[in-house]
Structures are given as structure tokens and as C-alpha cells.
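The structure appears below as C-alpha cells.
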Amino acid sequence: MSFEVFEMLLNSQSLYFSRFDKFDDHLEGGINSKNFPSISNELRILDGAMNSCWPGTSPRGEQELVKMQETQHEIASETFQSIFGVQKKVNGNAYLRNISSWLYANCWTDLPYECQAMWQLYGSSGGNCRHETGCEECKRTVGNSVCIETNIGAILDNLEFKEGFNLSIQKVEYLDHRLTKFSDNDLISRPFFSKALHFSYENEVRFMLWPDRQDIEFSYKYNKSTRNEEGSQVLHIKDVEALIGKIILSPLPIKVTKKIIDPYKDPCSSKLGLQDSLANLALREKVKSLCVRNNVDIEIVESDLNQVSTSDCYTYAGAMK
């Protein structure tokens, strides 16, 4: 996360849960294509209309009228199980369009090591800039972010849970939305803990909040569905120091790192001192100062991406520490 986000976390002593429909991934909260008939009977309604058994069509006799009414009743009665209880399939399209507006997530990466892609994508908005002169966003944010280490137990022990909300924690699975089909029971929550294969580098563990309510309506009638006006949720942290096990400082910006490394490239020169030169000292001071202001004592370490290749006895000794 950027330093600004980390600063807000410490100052507010809270975890921020984003609403699903605010995520960049437009497939968040959506179902797989093969599961559409499990939630919506729009195809049956269209078929019924084309075969003269739906309102607005004219039956050609009493027997046909009875059959039409039976079909209409059957279609109108079809239901599916959802995270908000039983829903009618005639409202399925409205459910698919609106369900993500009722769900909130706080996301973590489940890896035993740092990930360069995560530094670039979540550590700073200018992280992918490769322009020789850089850009303003790059100058402001690159090399100015942190990674915080924790575990699920520490989070659960130190979060104040919100009354009137449910919480579920699951590892996200990555799949092809065109090819995968869930069982009807899985449709209750599994879609909300799955993402497209293209995001598999995230190795996400997701904390999901949703209102503990049964009065939320999804209606096929235009603009009749219950609307959610709460754009996010925030849960208070009881003990920030107990929740965060370690703070990892981001590597320096690529252009800065290049300037530091270049003098060490002479085949005759030693890389002694290079490891220390790559330390993000300015950020360390900012993080230390922030921790002191918030009265927390948390271990701060340099990024493992600062490793220096072994080329002499000094770098060998450093690597063996």
C-alpha cells in the first residue's frame, strides 16, 4: 500500500472495506456464463413469449389458456438460493446487476515472499512508469510505499466486528468465467470468492462483509431494487501493534536504484556497501516517525528485492548472514 494509505490505517486504527462494484475488475461479484440459467429464467420468459404463453399474447382456446397460465405460474415461482436468502428467478437479472453493490472486501496477499508486481500495482500508482524523465505521479509515489505482514488470527483477534454484518474469510480461486460452472449450492457465495485467471498473481485471501438483512429486494421492474447508499465499511482495530507483525519498506525507484548501482559495475570494483546504499532510508524515517506518533513499536525491515548478486567475498559474506 502507498505510504498515504498506511498513514490513514495507523491514524484511524481501522481497516477499510471497499464495495465490490468500486473495484477495477468488472467481473467482481459476477457469475460464470454457464450459471446464468441457475439464477435467471429470462430465457424461459423469452421462449414463452415466442410460443404464445406469456402476458400480451393471445391464446387460441380454453385449453391453451390453461396451459399458458400454468406456464406463467411455474416461471414466476422459480427461485434460487442467494446470500440474502431465497430469490425469484424473474428478478435474477436485477440480482446479477446489483448484488456487488451490497458486498465489501478487504484483500490480502497470501505469499511467503514479496511480489514485484504487487509493489508496482498496489504500492504506487506510478509504479509502472518507465519513461526516462519519469512523471509527476511516479516521482510522488514510487519508492514511497510499504508492505505489512500479518496473519488471519491476528486480524480476527484485533478487529471490532460491526453489528448487523456478516463476515466470511476465504482464499480466492482463479478461474475462466466462460468455462467454469458452479453447483446451485455454490452460487450462494462462491462467485464472490473467485476472480478471473488474469489476477492469479495476487494470491488473494479475502475478508468479505455483507449486511445481515433479509429485506433487500432485487426487482425486475426498473429502479425498484433496494439501493445501497453506503460506499464502504470501516472496522476499528483494537490493537494495531498486535495486528501488524512487520513493516517492509518498498525498494527504491528503478531510476534511483540504477544510479546507485552504476558506479559498482566496474569489473574491478567491489560491491561492498551496495546493499546498504539501496536501503530506503528516507521512507524508514517517515515510517518510524509515524509509528512513534501513534505509539506503536513494530519491526521495520528493508525490501528483500534489494538483494545484491554475489561477486566477491564481501557480497558472499553479506548473503550468508
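Please note that chains go A, B, ... in the order of the C-alpha cells, that every chain numbers its residues from 1, and that ligands are numbered from 1 in the order shown.
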- Within 12 Å of A:Leu15, counting only C-alpha atoms, which residues show up once you throw out same-chain ones fewer than 2 positions away? Write them as a VMD selection string, please. chain A and resid 5 to 13 17 to 18 104 to 108 155 to 156 158 to 162 207 209 232 to 240 243 to 244
| Taking the backbone alone, and naming residues the way the document does, which bits of stretch 42-187 of chain A are helix (DSSP H, G or I) by DSSP, as a ChimeraX atom specification? | /A:42-50,62-77,89-102,116-123,136-141,152-158,185-187
For stretch 172-187 of chain A: contacts at 9 Å, only C-alpha atoms, fewer than 3 positions along chain excluded, given as an MDAnalysis selection string:
chainID A and resid 27 30:35 38:39 80:83 190:200 203:206
**Message:** Need the shell around A:Ser250: protein/DNA/RNA residues with any atom at most 12 Å away, counting only C-alpha atoms. Skip same-chain ones fewer than 6 positions apart. Format as an MDAnalysis selection string?
**Reply:** chainID A and resid 1:3 114:116 118:120 122:124 127 141:148 257 278:284 287 300:306
| said: For the structure I just gave you, how does DSSP split stretch 150-196 of chain A - specifically, which residues are strand (DSSP E or B)? Reply as a PyMOL selection string. | reply: chain A and resi 159+165-171+173-175+194-196
(message) For A:Gln214, find every residue with an atom within 10 Å (counting only C-alpha atoms), except residues of its own chain fewer than 6 positions away, and show them as an MDAnalysis selection string.
(response) chainID A and resid 83:86
With C-alpha atoms retained, write the just-selected residues as a short mmCIF file (atom, residue, chain, number, x, y, z; two decimals), in the first residue's frame.
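What follows is the written file part-v6.cif:
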data_model
loop_
_atom_site.label_atom_id
_atom_site.label_comp_id
_atom_site.auth_asym_id
_atom_site.auth_seq_id
_atom_site.Cartn_x
_atom_site.Cartn_y
_atom_site.Cartn_z
CA ILE A 83 -26.50 -14.78 0.14
CA PHE A 84 -29.62 -12.73 1.01
CA GLY A 85 -31.97 -15.69 1.16
CA VAL A 86 -34.34 -17.13 -1.44
#
